[in-house]
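Engineer: Below is input_30.txt; it holds compact mmCIF, N, CA and C atoms.
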# COMPACT_ATOMS: atom_id res chain seq x y z
N MET X 551 31.86 10.83 250.48
CA MET X 551 30.98 11.97 250.66
C MET X 551 30.09 12.18 249.45
N ALA X 552 30.65 12.07 248.25
CA ALA X 552 29.86 12.31 247.03
C ALA X 552 28.71 11.31 246.91
N SER X 553 28.92 10.08 247.37
CA SER X 553 27.88 9.07 247.22
C SER X 553 26.65 9.39 248.07
N THR X 554 26.82 10.20 249.13
CA THR X 554 25.67 10.55 249.96
C THR X 554 24.73 11.51 249.26
N THR X 555 25.20 12.22 248.25
CA THR X 555 24.33 13.16 247.54
C THR X 555 23.65 12.56 246.32
N ILE X 556 24.08 11.37 245.90
CA ILE X 556 23.52 10.76 244.70
C ILE X 556 22.02 10.55 244.84
N GLY X 557 21.59 9.98 245.94
CA GLY X 557 20.16 9.74 246.16
C GLY X 557 19.34 11.02 246.12
N PHE X 558 19.88 12.07 246.73
CA PHE X 558 19.17 13.35 246.73
C PHE X 558 19.06 13.91 245.32
N ARG X 559 20.13 13.79 244.56
CA ARG X 559 20.10 14.28 243.17
C ARG X 559 19.11 13.47 242.32
N ILE X 560 19.14 12.15 242.49
CA ILE X 560 18.22 11.30 241.73
C ILE X 560 16.77 11.64 242.09
N ALA X 561 16.52 11.89 243.35
CA ALA X 561 15.16 12.23 243.79
C ALA X 561 14.74 13.61 243.29
N ARG X 562 15.67 14.53 243.21
CA ARG X 562 15.35 15.91 242.82
C ARG X 562 15.11 16.06 241.32
N LEU X 563 15.78 15.27 240.52
CA LEU X 563 15.69 15.43 239.06
C LEU X 563 14.28 15.33 238.48
N PRO X 564 13.46 14.34 238.87
CA PRO X 564 12.11 14.30 238.30
C PRO X 564 11.28 15.54 238.64
N HIS X 565 11.46 16.07 239.85
CA HIS X 565 10.74 17.28 240.25
C HIS X 565 11.20 18.48 239.43
N LEU X 566 12.50 18.58 239.24
CA LEU X 566 13.06 19.67 238.44
C LEU X 566 12.56 19.58 237.00
N TRP X 567 12.61 18.37 236.44
CA TRP X 567 12.18 18.13 235.07
C TRP X 567 10.71 18.54 234.87
N ARG X 568 9.86 18.09 235.77
CA ARG X 568 8.43 18.43 235.64
C ARG X 568 8.19 19.91 235.85
N SER X 569 8.93 20.53 236.74
CA SER X 569 8.78 21.97 236.97
C SER X 569 9.13 22.77 235.71
N ILE X 570 10.21 22.38 235.07
CA ILE X 570 10.62 23.04 233.82
C ILE X 570 9.55 22.85 232.75
N LEU X 571 9.07 21.62 232.60
CA LEU X 571 8.05 21.36 231.59
C LEU X 571 6.74 22.06 231.92
N ASP X 572 6.36 22.08 233.19
CA ASP X 572 5.12 22.78 233.58
C ASP X 572 5.18 24.24 233.15
N ARG X 573 6.29 24.88 233.45
CA ARG X 573 6.45 26.30 233.11
C ARG X 573 6.40 26.50 231.59
N ARG X 574 7.05 25.63 230.87
CA ARG X 574 7.11 25.79 229.41
C ARG X 574 5.81 25.37 228.71
N LEU X 575 5.03 24.51 229.37
CA LEU X 575 3.76 24.07 228.77
C LEU X 575 2.56 24.89 229.24
N ALA X 576 2.78 25.75 230.23
CA ALA X 576 1.68 26.57 230.75
C ALA X 576 0.95 27.36 229.66
N PRO X 577 1.65 27.92 228.66
CA PRO X 577 0.93 28.65 227.62
C PRO X 577 -0.08 27.80 226.83
N LEU X 578 0.06 26.48 226.90
CA LEU X 578 -0.88 25.61 226.19
C LEU X 578 -2.16 25.37 227.01
N GLY X 579 -2.18 25.89 228.25
CA GLY X 579 -3.36 25.76 229.08
C GLY X 579 -3.59 24.38 229.67
N LEU X 580 -2.50 23.63 229.86
CA LEU X 580 -2.62 22.28 230.41
C LEU X 580 -2.00 22.21 231.80
N THR X 581 -2.70 21.55 232.71
CA THR X 581 -2.11 21.27 234.02
C THR X 581 -1.12 20.12 233.85
N GLN X 582 -0.26 19.95 234.84
CA GLN X 582 0.71 18.87 234.78
C GLN X 582 0.02 17.52 234.62
N THR X 583 -1.02 17.31 235.38
CA THR X 583 -1.73 16.04 235.33
C THR X 583 -2.26 15.76 233.93
N ARG X 584 -2.78 16.78 233.28
CA ARG X 584 -3.35 16.58 231.94
C ARG X 584 -2.28 16.34 230.88
N TRP X 585 -1.22 17.15 230.88
CA TRP X 585 -0.21 16.94 229.83
C TRP X 585 0.52 15.62 230.03
N VAL X 586 0.76 15.24 231.29
CA VAL X 586 1.43 13.96 231.55
C VAL X 586 0.56 12.80 231.05
N THR X 587 -0.74 12.89 231.31
CA THR X 587 -1.66 11.85 230.87
C THR X 587 -1.71 11.76 229.35
N LEU X 588 -1.88 12.90 228.69
CA LEU X 588 -1.91 12.92 227.23
C LEU X 588 -0.62 12.37 226.63
N TYR X 589 0.50 12.84 227.16
CA TYR X 589 1.80 12.45 226.61
C TYR X 589 2.03 10.95 226.76
N HIS X 590 1.71 10.41 227.96
CA HIS X 590 1.88 8.97 228.16
C HIS X 590 0.96 8.16 227.25
N LEU X 591 -0.27 8.61 227.10
CA LEU X 591 -1.19 7.90 226.22
C LEU X 591 -0.65 7.88 224.80
N TRP X 592 -0.12 8.99 224.36
CA TRP X 592 0.43 9.11 223.01
C TRP X 592 1.62 8.17 222.84
N LYS X 593 2.52 8.17 223.82
CA LYS X 593 3.72 7.34 223.72
C LYS X 593 3.42 5.85 223.89
N LEU X 594 2.43 5.52 224.72
CA LEU X 594 2.07 4.11 224.92
C LEU X 594 1.32 3.54 223.73
N GLY X 595 0.60 4.38 223.05
CA GLY X 595 -0.26 3.93 221.96
C GLY X 595 -1.70 3.89 222.43
N GLU X 596 -2.58 4.09 221.51
CA GLU X 596 -3.99 4.19 221.86
C GLU X 596 -4.61 2.84 222.16
N GLY X 597 -5.75 2.91 222.83
CA GLY X 597 -6.52 1.71 223.10
C GLY X 597 -6.08 0.97 224.34
N ASN X 598 -5.22 1.59 225.14
CA ASN X 598 -4.79 0.94 226.38
C ASN X 598 -5.90 1.04 227.42
N PRO X 599 -6.05 0.01 228.25
CA PRO X 599 -7.01 0.11 229.35
C PRO X 599 -6.59 1.20 230.33
N GLN X 600 -7.58 1.79 231.00
CA GLN X 600 -7.31 2.84 231.97
C GLN X 600 -6.29 2.39 233.02
N GLY X 601 -6.41 1.15 233.48
CA GLY X 601 -5.49 0.65 234.51
C GLY X 601 -4.05 0.62 234.04
N ASP X 602 -3.82 0.22 232.80
CA ASP X 602 -2.46 0.19 232.25
C ASP X 602 -1.88 1.59 232.15
N LEU X 603 -2.73 2.53 231.72
CA LEU X 603 -2.28 3.93 231.62
C LEU X 603 -1.94 4.47 233.00
N ALA X 604 -2.76 4.16 233.99
CA ALA X 604 -2.50 4.62 235.36
C ALA X 604 -1.16 4.09 235.87
N ARG X 605 -0.89 2.81 235.64
CA ARG X 605 0.39 2.22 236.07
C ARG X 605 1.57 2.88 235.36
N ALA X 606 1.42 3.15 234.07
CA ALA X 606 2.51 3.78 233.31
C ALA X 606 2.82 5.18 233.84
N ILE X 607 1.79 5.89 234.25
CA ILE X 607 1.97 7.25 234.75
C ILE X 607 2.45 7.23 236.20
N GLY X 608 2.06 6.17 236.93
CA GLY X 608 2.43 6.07 238.34
C GLY X 608 1.38 6.67 239.26
N VAL X 609 0.11 6.56 238.87
CA VAL X 609 -0.98 7.05 239.71
C VAL X 609 -1.98 5.92 239.93
N GLU X 610 -2.84 6.12 240.92
CA GLU X 610 -3.91 5.16 241.16
C GLU X 610 -5.00 5.35 240.11
N ALA X 611 -5.63 4.26 239.71
CA ALA X 611 -6.66 4.32 238.67
C ALA X 611 -7.77 5.33 238.99
N PRO X 612 -8.29 5.41 240.24
CA PRO X 612 -9.34 6.39 240.50
C PRO X 612 -8.89 7.84 240.27
N SER X 613 -7.63 8.13 240.52
CA SER X 613 -7.11 9.48 240.27
C SER X 613 -7.12 9.79 238.78
N LEU X 614 -6.83 8.80 237.98
CA LEU X 614 -6.78 8.99 236.54
C LEU X 614 -8.17 9.24 235.95
N VAL X 615 -9.19 8.65 236.55
CA VAL X 615 -10.56 8.77 236.03
C VAL X 615 -10.98 10.23 235.93
N ARG X 616 -10.68 11.01 236.96
CA ARG X 616 -11.04 12.43 236.97
C ARG X 616 -10.32 13.19 235.86
N THR X 617 -9.04 12.94 235.71
CA THR X 617 -8.25 13.60 234.66
C THR X 617 -8.78 13.23 233.28
N LEU X 618 -9.08 11.96 233.08
CA LEU X 618 -9.62 11.53 231.79
C LEU X 618 -10.96 12.19 231.50
N GLY X 619 -11.77 12.37 232.53
CA GLY X 619 -13.04 13.07 232.36
C GLY X 619 -12.82 14.50 231.90
N GLN X 620 -11.82 15.18 232.47
CA GLN X 620 -11.50 16.56 232.08
C GLN X 620 -11.00 16.60 230.64
N LEU X 621 -10.13 15.66 230.29
CA LEU X 621 -9.60 15.61 228.92
C LEU X 621 -10.70 15.27 227.93
N GLU X 622 -11.64 14.45 228.37
CA GLU X 622 -12.77 14.11 227.51
C GLU X 622 -13.66 15.34 227.28
N GLU X 623 -13.87 16.13 228.34
CA GLU X 623 -14.65 17.37 228.23
C GLU X 623 -13.98 18.35 227.27
N GLN X 624 -12.65 18.35 227.25
CA GLN X 624 -11.90 19.21 226.34
C GLN X 624 -11.87 18.66 224.91
N GLY X 625 -12.41 17.47 224.72
CA GLY X 625 -12.43 16.87 223.39
C GLY X 625 -11.10 16.29 222.95
N LEU X 626 -10.24 15.94 223.92
CA LEU X 626 -8.90 15.45 223.59
C LEU X 626 -8.78 13.93 223.65
N VAL X 627 -9.62 13.29 224.45
CA VAL X 627 -9.62 11.82 224.55
C VAL X 627 -11.06 11.32 224.55
N GLU X 628 -11.18 10.05 224.26
CA GLU X 628 -12.48 9.40 224.44
C GLU X 628 -12.25 8.05 225.08
N ARG X 629 -13.19 7.66 225.91
CA ARG X 629 -13.14 6.36 226.58
C ARG X 629 -14.18 5.45 225.93
N ARG X 630 -13.74 4.24 225.61
CA ARG X 630 -14.64 3.27 224.99
C ARG X 630 -14.59 1.98 225.81
N ALA X 631 -15.73 1.34 225.91
CA ALA X 631 -15.79 0.07 226.63
C ALA X 631 -14.98 -0.97 225.88
N CYS X 632 -14.32 -1.84 226.63
CA CYS X 632 -13.59 -2.96 226.03
C CYS X 632 -14.59 -3.95 225.45
N ASP X 633 -14.22 -4.56 224.36
CA ASP X 633 -15.10 -5.54 223.72
C ASP X 633 -15.38 -6.73 224.63
N ASN X 634 -14.34 -7.21 225.31
CA ASN X 634 -14.50 -8.42 226.12
C ASN X 634 -14.87 -8.15 227.59
N ASP X 635 -14.81 -6.88 228.02
CA ASP X 635 -15.18 -6.52 229.40
C ASP X 635 -15.79 -5.13 229.38
N ARG X 636 -17.10 -5.06 229.38
CA ARG X 636 -17.80 -3.78 229.24
C ARG X 636 -17.51 -2.83 230.41
N ARG X 637 -17.06 -3.35 231.55
CA ARG X 637 -16.75 -2.49 232.70
C ARG X 637 -15.42 -1.77 232.53
N SER X 638 -14.53 -2.36 231.76
CA SER X 638 -13.20 -1.78 231.54
C SER X 638 -13.26 -0.80 230.36
N LYS X 639 -12.53 0.29 230.49
CA LYS X 639 -12.51 1.31 229.44
C LYS X 639 -11.13 1.38 228.81
N ARG X 640 -11.14 1.57 227.50
CA ARG X 640 -9.90 1.81 226.75
C ARG X 640 -9.89 3.28 226.35
N ILE X 641 -8.69 3.85 226.31
CA ILE X 641 -8.54 5.29 226.08
C ILE X 641 -7.98 5.54 224.68
N TYR X 642 -8.60 6.50 224.00
CA TYR X 642 -8.19 6.87 222.64
C TYR X 642 -8.04 8.38 222.55
N LEU X 643 -7.04 8.82 221.82
CA LEU X 643 -6.86 10.24 221.52
C LEU X 643 -7.84 10.63 220.42
N THR X 644 -8.30 11.88 220.46
CA THR X 644 -9.14 12.39 219.38
C THR X 644 -8.25 13.14 218.40
N PRO X 645 -8.73 13.39 217.19
CA PRO X 645 -7.93 14.16 216.23
C PRO X 645 -7.55 15.55 216.77
N ALA X 646 -8.37 16.12 217.64
CA ALA X 646 -8.07 17.43 218.21
C ALA X 646 -6.83 17.41 219.10
N ALA X 647 -6.48 16.25 219.62
CA ALA X 647 -5.32 16.15 220.52
C ALA X 647 -3.99 16.20 219.78
N MET X 648 -3.98 15.80 218.52
CA MET X 648 -2.71 15.66 217.82
C MET X 648 -1.90 16.96 217.68
N PRO X 649 -2.50 18.08 217.27
CA PRO X 649 -1.69 19.31 217.20
C PRO X 649 -1.13 19.71 218.56
N LEU X 650 -1.91 19.49 219.60
CA LEU X 650 -1.46 19.81 220.96
C LEU X 650 -0.31 18.90 221.36
N LEU X 651 -0.42 17.62 221.07
CA LEU X 651 0.65 16.68 221.40
C LEU X 651 1.94 16.98 220.65
N GLU X 652 1.83 17.43 219.42
CA GLU X 652 3.04 17.81 218.67
C GLU X 652 3.72 19.01 219.31
N LYS X 653 2.93 19.96 219.83
CA LYS X 653 3.52 21.11 220.54
C LYS X 653 4.18 20.65 221.84
N ILE X 654 3.49 19.77 222.57
CA ILE X 654 4.06 19.23 223.81
C ILE X 654 5.38 18.53 223.50
N ASP X 655 5.39 17.72 222.46
CA ASP X 655 6.60 16.97 222.09
C ASP X 655 7.75 17.91 221.75
N ASP X 656 7.47 18.99 221.03
CA ASP X 656 8.51 19.97 220.70
C ASP X 656 9.11 20.56 221.97
N VAL X 657 8.25 20.90 222.93
CA VAL X 657 8.72 21.48 224.19
C VAL X 657 9.56 20.46 224.96
N VAL X 658 9.08 19.22 225.03
CA VAL X 658 9.78 18.16 225.76
C VAL X 658 11.16 17.89 225.13
N LEU X 659 11.21 17.78 223.81
CA LEU X 659 12.48 17.51 223.14
C LEU X 659 13.49 18.64 223.34
N ALA X 660 13.01 19.89 223.25
CA ALA X 660 13.90 21.04 223.46
C ALA X 660 14.42 21.06 224.90
N ALA X 661 13.54 20.79 225.86
CA ALA X 661 13.96 20.78 227.27
C ALA X 661 14.95 19.65 227.54
N ARG X 662 14.68 18.50 226.97
CA ARG X 662 15.59 17.36 227.14
C ARG X 662 16.97 17.69 226.60
N GLN X 663 17.01 18.33 225.42
CA GLN X 663 18.29 18.70 224.82
C GLN X 663 19.04 19.67 225.74
N GLU X 664 18.34 20.62 226.33
CA GLU X 664 18.99 21.56 227.24
C GLU X 664 19.46 20.88 228.52
N MET X 665 18.62 19.98 229.08
CA MET X 665 18.99 19.30 230.32
C MET X 665 20.22 18.41 230.14
N LEU X 666 20.32 17.81 228.96
CA LEU X 666 21.42 16.87 228.72
C LEU X 666 22.61 17.51 228.02
N ALA X 667 22.59 18.84 227.91
CA ALA X 667 23.70 19.55 227.28
C ALA X 667 25.01 19.21 227.98
N GLY X 668 26.04 18.99 227.19
CA GLY X 668 27.35 18.68 227.75
C GLY X 668 27.62 17.20 227.88
N LEU X 669 26.59 16.37 227.62
CA LEU X 669 26.78 14.93 227.68
C LEU X 669 26.86 14.37 226.27
N SER X 670 27.88 13.57 226.02
CA SER X 670 28.04 12.95 224.70
C SER X 670 27.10 11.74 224.60
N ASP X 671 27.00 11.20 223.41
CA ASP X 671 26.19 9.99 223.22
C ASP X 671 26.71 8.85 224.10
N SER X 672 28.02 8.72 224.20
CA SER X 672 28.57 7.64 225.03
C SER X 672 28.30 7.92 226.51
N ASP X 673 28.33 9.20 226.92
CA ASP X 673 27.97 9.55 228.30
C ASP X 673 26.53 9.13 228.60
N LEU X 674 25.64 9.42 227.65
CA LEU X 674 24.23 9.09 227.84
C LEU X 674 24.02 7.59 227.88
N THR X 675 24.74 6.85 227.05
CA THR X 675 24.65 5.40 227.07
C THR X 675 25.11 4.86 228.41
N GLN X 676 26.23 5.40 228.92
CA GLN X 676 26.75 4.97 230.22
C GLN X 676 25.78 5.33 231.34
N LEU X 677 25.22 6.52 231.29
CA LEU X 677 24.25 6.96 232.29
C LEU X 677 23.05 6.02 232.29
N GLU X 678 22.54 5.69 231.12
CA GLU X 678 21.40 4.78 230.99
C GLU X 678 21.73 3.43 231.62
N GLN X 679 22.93 2.93 231.38
CA GLN X 679 23.34 1.64 231.96
C GLN X 679 23.41 1.72 233.48
N TRP X 680 23.98 2.81 234.00
CA TRP X 680 24.08 2.96 235.45
C TRP X 680 22.70 3.07 236.09
N LEU X 681 21.83 3.86 235.48
CA LEU X 681 20.48 4.01 236.04
C LEU X 681 19.72 2.69 236.00
N ALA X 682 19.89 1.92 234.92
CA ALA X 682 19.25 0.60 234.82
C ALA X 682 19.76 -0.33 235.92
N LEU X 683 21.05 -0.28 236.19
CA LEU X 683 21.62 -1.12 237.25
C LEU X 683 21.09 -0.70 238.62
N ILE X 684 21.05 0.60 238.89
CA ILE X 684 20.53 1.10 240.16
C ILE X 684 19.06 0.69 240.32
N GLU X 685 18.29 0.83 239.23
CA GLU X 685 16.88 0.44 239.29
C GLU X 685 16.74 -1.06 239.54
N SER X 686 17.53 -1.85 238.85
CA SER X 686 17.48 -3.30 239.03
C SER X 686 17.82 -3.69 240.47
N ASN X 687 18.85 -3.06 241.02
CA ASN X 687 19.22 -3.32 242.41
C ASN X 687 18.07 -2.95 243.35
N GLY X 688 17.45 -1.81 243.09
CA GLY X 688 16.34 -1.36 243.93
C GLY X 688 15.14 -2.28 243.84
N LEU X 689 14.83 -2.77 242.64
CA LEU X 689 13.71 -3.70 242.49
C LEU X 689 13.99 -5.01 243.21
N ALA X 690 15.24 -5.47 243.16
CA ALA X 690 15.61 -6.70 243.87
C ALA X 690 15.47 -6.50 245.38
N MET X 691 15.90 -5.34 245.87
CA MET X 691 15.76 -5.02 247.29
C MET X 691 14.29 -5.01 247.69
N GLN X 692 13.48 -4.36 246.87
CA GLN X 692 12.06 -4.25 247.14
C GLN X 692 11.41 -5.65 247.20
N ALA X 693 11.76 -6.49 246.26
CA ALA X 693 11.21 -7.85 246.24
C ALA X 693 11.60 -8.61 247.50
N ARG X 694 12.85 -8.48 247.90
CA ARG X 694 13.29 -9.16 249.13
C ARG X 694 12.55 -8.62 250.35
N ASP X 695 12.37 -7.31 250.40
CA ASP X 695 11.68 -6.70 251.54
C ASP X 695 10.23 -7.15 251.61
N LEU X 696 9.59 -7.31 250.45
CA LEU X 696 8.20 -7.73 250.42
C LEU X 696 8.04 -9.20 250.82
N GLU X 697 9.08 -9.99 250.54
CA GLU X 697 9.05 -11.40 250.94
C GLU X 697 9.12 -11.53 252.44
N GLY X 698 9.73 -10.58 253.11
CA GLY X 698 9.86 -10.62 254.55
C GLY X 698 11.03 -11.47 254.99
N PRO X 699 11.24 -11.54 256.29
CA PRO X 699 12.39 -12.31 256.80
C PRO X 699 12.18 -13.81 256.57
N LYS X 700 13.28 -14.47 256.27
CA LYS X 700 13.27 -15.93 256.08
C LYS X 700 13.58 -16.56 257.42
N ASN X 701 12.75 -17.49 257.82
CA ASN X 701 12.97 -18.18 259.12
C ASN X 701 13.55 -19.54 258.94
Produce C-alpha cells that represent the structure in this file.

Structural biologist:
Amino acid sequence: MASTTIGFRIARLPHLWRSILDRRLAPLGLTQTRWVTLYHLWKLGEGNPQGDLARAIGVEAPSLVRTLGQLEEQGLVERRACDNDRRSKRIYLTPAAMPLLEKIDDVVLAARQEMLAGLSDSDLTQLEQWLALIESNGLAMQARDLEGPKN
C-alpha cells in the first residue's frame, strides 16, 4: 500500500517546494519564472547558450526568450551573440543581479534546511542514492519506450 503513494509524493514535492519559495521570494518582486531563470543561470555559470539554459530549467527555448527579455529590461541579464554563431545568444548576469541572487540564495538555503529538518547527513545520502536509482530506472524505461517494440 505504501508504495502506491510514493509516486504521488515524488510528484507533489516539486510543486510544494516552488510554492514555498514563491511565497518567500514574493517580497523581492520576482515571478517564479524569473527567479528560477536567474537562479539556474547563476548556478550553471555565465555565458551559457539560451538553449542550454532552457534545457536546465526544463522549458522550451521560445518560452525562455520572453523571460530573458523581461530580465534584460530589469537590468539583471544581458544577451550577447556567440562568437562562432551570431544567431545563438549567450546569457550573462549583470552586476545588478548579484545582490538579488544572494537574497534568493539565502531564502532557498533556509527553506531547504526547513524542508529537510529531521534528516541526518546519512539519511540525505541514502535519499540521494535512492532518487538517483529511481531516476536511472525511469530514464532506461523512457529509452526503451522511445525505441519502440522489437520485432

Engineer: Can you check which parts of stretch 629-669 of chain X lie within 8 Å of stretch 581-594 of chain X? Per residue, the shortest pair of atoms and distance in Å to one decimal, counting only N, CA and C atoms, sorted by chain and number, as a tab-separated table.

Structural biologist:
residue	atom	partner	partner_atom	distance
X:Ile641	C	X:Leu591	CA	7.4
X:Tyr642	C	X:Leu591	C	7.7
X:Leu643	N	X:Leu591	C	7.1
X:Leu651	CA	X:Tyr589	CA	6.8
X:Ile654	CA	X:Tyr589	CA	7.7
X:Asp655	N	X:Tyr589	CA	7.6

Engineer: One number please: atom N of X:Arg568 to atom N of X:Ser672, in Å, one decimal.

Structural biologist: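 Atom N of X:Ser672 lies at a distance of 23.5 Å from atom N of X:Arg568.
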
Engineer: Assign secondary structure with DSSP using the backbone only, and return the residues of stretch 555-650 of chain X in strand (DSSP E) as a PyMOL selection string.

Structural biologist: chain X and resi 598-599+627-631+639-643

Engineer: Atom N of X:Leu674 and atom N of X:Ile560, how far apart in Å?

Structural biologist: 16.4 Å

Engineer: Any idea what the distance is between atom CA of X:Leu626 and atom N of X:Ser638?

Structural biologist: 20.4 Å

Engineer: From a DSSP calculation on the backbone, collect every residue of stretch 603-689 of chain X in helix (DSSP H, G or I) and output the set as a compact mmCIF listing (two decimals) with N, CA and C atoms, in the coordinates of the input.

Structural biologist:
# COMPACT_ATOMS: atom_id res chain seq x y z
N LEU X 603 -2.73 2.53 231.72
CA LEU X 603 -2.28 3.93 231.62
C LEU X 603 -1.94 4.47 233.00
N ALA X 604 -2.76 4.16 233.99
CA ALA X 604 -2.50 4.62 235.36
C ALA X 604 -1.16 4.09 235.87
N ARG X 605 -0.89 2.81 235.64
CA ARG X 605 0.39 2.22 236.07
C ARG X 605 1.57 2.88 235.36
N ALA X 606 1.42 3.15 234.07
CA ALA X 606 2.51 3.78 233.31
C ALA X 606 2.82 5.18 233.84
N ILE X 607 1.79 5.89 234.25
CA ILE X 607 1.97 7.25 234.75
C ILE X 607 2.45 7.23 236.20
N ALA X 611 -5.63 4.26 239.71
CA ALA X 611 -6.66 4.32 238.67
C ALA X 611 -7.77 5.33 238.99
N PRO X 612 -8.29 5.41 240.24
CA PRO X 612 -9.34 6.39 240.50
C PRO X 612 -8.89 7.84 240.27
N SER X 613 -7.63 8.13 240.52
CA SER X 613 -7.11 9.48 240.27
C SER X 613 -7.12 9.79 238.78
N LEU X 614 -6.83 8.80 237.98
CA LEU X 614 -6.78 8.99 236.54
C LEU X 614 -8.17 9.24 235.95
N VAL X 615 -9.19 8.65 236.55
CA VAL X 615 -10.56 8.77 236.03
C VAL X 615 -10.98 10.23 235.93
N ARG X 616 -10.68 11.01 236.96
CA ARG X 616 -11.04 12.43 236.97
C ARG X 616 -10.32 13.19 235.86
N THR X 617 -9.04 12.94 235.71
CA THR X 617 -8.25 13.60 234.66
C THR X 617 -8.78 13.23 233.28
N LEU X 618 -9.08 11.96 233.08
CA LEU X 618 -9.62 11.53 231.79
C LEU X 618 -10.96 12.19 231.50
N GLY X 619 -11.77 12.37 232.53
CA GLY X 619 -13.04 13.07 232.36
C GLY X 619 -12.82 14.50 231.90
N GLN X 620 -11.82 15.18 232.47
CA GLN X 620 -11.50 16.56 232.08
C GLN X 620 -11.00 16.60 230.64
N LEU X 621 -10.13 15.66 230.29
CA LEU X 621 -9.60 15.61 228.92
C LEU X 621 -10.70 15.27 227.93
N GLU X 622 -11.64 14.45 228.37
CA GLU X 622 -12.77 14.11 227.51
C GLU X 622 -13.66 15.34 227.28
N GLU X 623 -13.87 16.13 228.34
CA GLU X 623 -14.65 17.37 228.23
C GLU X 623 -13.98 18.35 227.27
N ALA X 647 -6.48 16.25 219.62
CA ALA X 647 -5.32 16.15 220.52
C ALA X 647 -3.99 16.20 219.78
N MET X 648 -3.98 15.80 218.52
CA MET X 648 -2.71 15.66 217.82
C MET X 648 -1.90 16.96 217.68
N PRO X 649 -2.50 18.08 217.27
CA PRO X 649 -1.69 19.31 217.20
C PRO X 649 -1.13 19.71 218.56
N LEU X 650 -1.91 19.49 219.60
CA LEU X 650 -1.46 19.81 220.96
C LEU X 650 -0.31 18.90 221.36
N LEU X 651 -0.42 17.62 221.07
CA LEU X 651 0.65 16.68 221.40
C LEU X 651 1.94 16.98 220.65
N GLU X 652 1.83 17.43 219.42
CA GLU X 652 3.04 17.81 218.67
C GLU X 652 3.72 19.01 219.31
N LYS X 653 2.93 19.96 219.83
CA LYS X 653 3.52 21.11 220.54
C LYS X 653 4.18 20.65 221.84
N ILE X 654 3.49 19.77 222.57
CA ILE X 654 4.06 19.23 223.81
C ILE X 654 5.38 18.53 223.50
N ASP X 655 5.39 17.72 222.46
CA ASP X 655 6.60 16.97 222.09
C ASP X 655 7.75 17.91 221.75
N ASP X 656 7.47 18.99 221.03
CA ASP X 656 8.51 19.97 220.70
C ASP X 656 9.11 20.56 221.97
N VAL X 657 8.25 20.90 222.93
CA VAL X 657 8.72 21.48 224.19
C VAL X 657 9.56 20.46 224.96
N VAL X 658 9.08 19.22 225.03
CA VAL X 658 9.78 18.16 225.76
C VAL X 658 11.16 17.89 225.13
N LEU X 659 11.21 17.78 223.81
CA LEU X 659 12.48 17.51 223.14
C LEU X 659 13.49 18.64 223.34
N ALA X 660 13.01 19.89 223.25
CA ALA X 660 13.90 21.04 223.46
C ALA X 660 14.42 21.06 224.90
N ALA X 661 13.54 20.79 225.86
CA ALA X 661 13.96 20.78 227.27
C ALA X 661 14.95 19.65 227.54
N ARG X 662 14.68 18.50 226.97
CA ARG X 662 15.59 17.36 227.14
C ARG X 662 16.97 17.69 226.60
N GLN X 663 17.01 18.33 225.42
CA GLN X 663 18.29 18.70 224.82
C GLN X 663 19.04 19.67 225.74
N GLU X 664 18.34 20.62 226.33
CA GLU X 664 18.99 21.56 227.24
C GLU X 664 19.46 20.88 228.52
N MET X 665 18.62 19.98 229.08
CA MET X 665 18.99 19.30 230.32
C MET X 665 20.22 18.41 230.14
N ASP X 671 27.00 11.20 223.41
CA ASP X 671 26.19 9.99 223.22
C ASP X 671 26.71 8.85 224.10
N SER X 672 28.02 8.72 224.20
CA SER X 672 28.57 7.64 225.03
C SER X 672 28.30 7.92 226.51
N ASP X 673 28.33 9.20 226.92
CA ASP X 673 27.97 9.55 228.30
C ASP X 673 26.53 9.13 228.60
N LEU X 674 25.64 9.42 227.65
CA LEU X 674 24.23 9.09 227.84
C LEU X 674 24.02 7.59 227.88
N THR X 675 24.74 6.85 227.05
CA THR X 675 24.65 5.40 227.07
C THR X 675 25.11 4.86 228.41
N GLN X 676 26.23 5.40 228.92
CA GLN X 676 26.75 4.97 230.22
C GLN X 676 25.78 5.33 231.34
N LEU X 677 25.22 6.52 231.29
CA LEU X 677 24.25 6.96 232.29
C LEU X 677 23.05 6.02 232.29
N GLU X 678 22.54 5.69 231.12
CA GLU X 678 21.40 4.78 230.99
C GLU X 678 21.73 3.43 231.62
N GLN X 679 22.93 2.93 231.38
CA GLN X 679 23.34 1.64 231.96
C GLN X 679 23.41 1.72 233.48
N TRP X 680 23.98 2.81 234.00
CA TRP X 680 24.08 2.96 235.45
C TRP X 680 22.70 3.07 236.09
N LEU X 681 21.83 3.86 235.48
CA LEU X 681 20.48 4.01 236.04
C LEU X 681 19.72 2.69 236.00
N ALA X 682 19.89 1.92 234.92
CA ALA X 682 19.25 0.60 234.82
C ALA X 682 19.76 -0.33 235.92
N LEU X 683 21.05 -0.28 236.19
CA LEU X 683 21.62 -1.12 237.25
C LEU X 683 21.09 -0.70 238.62
N ILE X 684 21.05 0.60 238.89
CA ILE X 684 20.53 1.10 240.16
C ILE X 684 19.06 0.69 240.32
N GLU X 685 18.29 0.83 239.23
CA GLU X 685 16.88 0.44 239.29
C GLU X 685 16.74 -1.06 239.54
N SER X 686 17.53 -1.85 238.85
CA SER X 686 17.48 -3.30 239.03
C SER X 686 17.82 -3.69 240.47
N ASN X 687 18.85 -3.06 241.02
CA ASN X 687 19.22 -3.32 242.41
C ASN X 687 18.07 -2.95 243.35
N GLY X 688 17.45 -1.81 243.09
CA GLY X 688 16.34 -1.36 243.93
C GLY X 688 15.14 -2.28 243.84
N LEU X 689 14.83 -2.77 242.64
CA LEU X 689 13.71 -3.70 242.49
C LEU X 689 13.99 -5.01 243.21

Engineer: Env of X:Lys653: 8 Å cut, atoms = all atoms listed in the file, seq-sep filter 6 positions within chain, self excluded. Answer as a PDB file with N, CA and C atoms, keeping the file's coordinate frame.

Structural biologist:
ATOM      1  N   LEU X 575       5.030  24.510 229.370  1.00  0.00           N
ATOM      2  CA  LEU X 575       3.760  24.070 228.770  1.00  0.00           C
ATOM      3  C   LEU X 575       2.560  24.890 229.240  1.00  0.00           C
ATOM      4  N   ALA X 647      -6.480  16.250 219.620  1.00  0.00           N
ATOM      5  CA  ALA X 647      -5.320  16.150 220.520  1.00  0.00           C
ATOM      6  C   ALA X 647      -3.990  16.200 219.780  1.00  0.00           C
ATOM      7  N   LEU X 659      11.210  17.780 223.810  1.00  0.00           N
ATOM      8  CA  LEU X 659      12.480  17.510 223.140  1.00  0.00           C
ATOM      9  C   LEU X 659      13.490  18.640 223.340  1.00  0.00           C
TER      10      LEU X 659
END
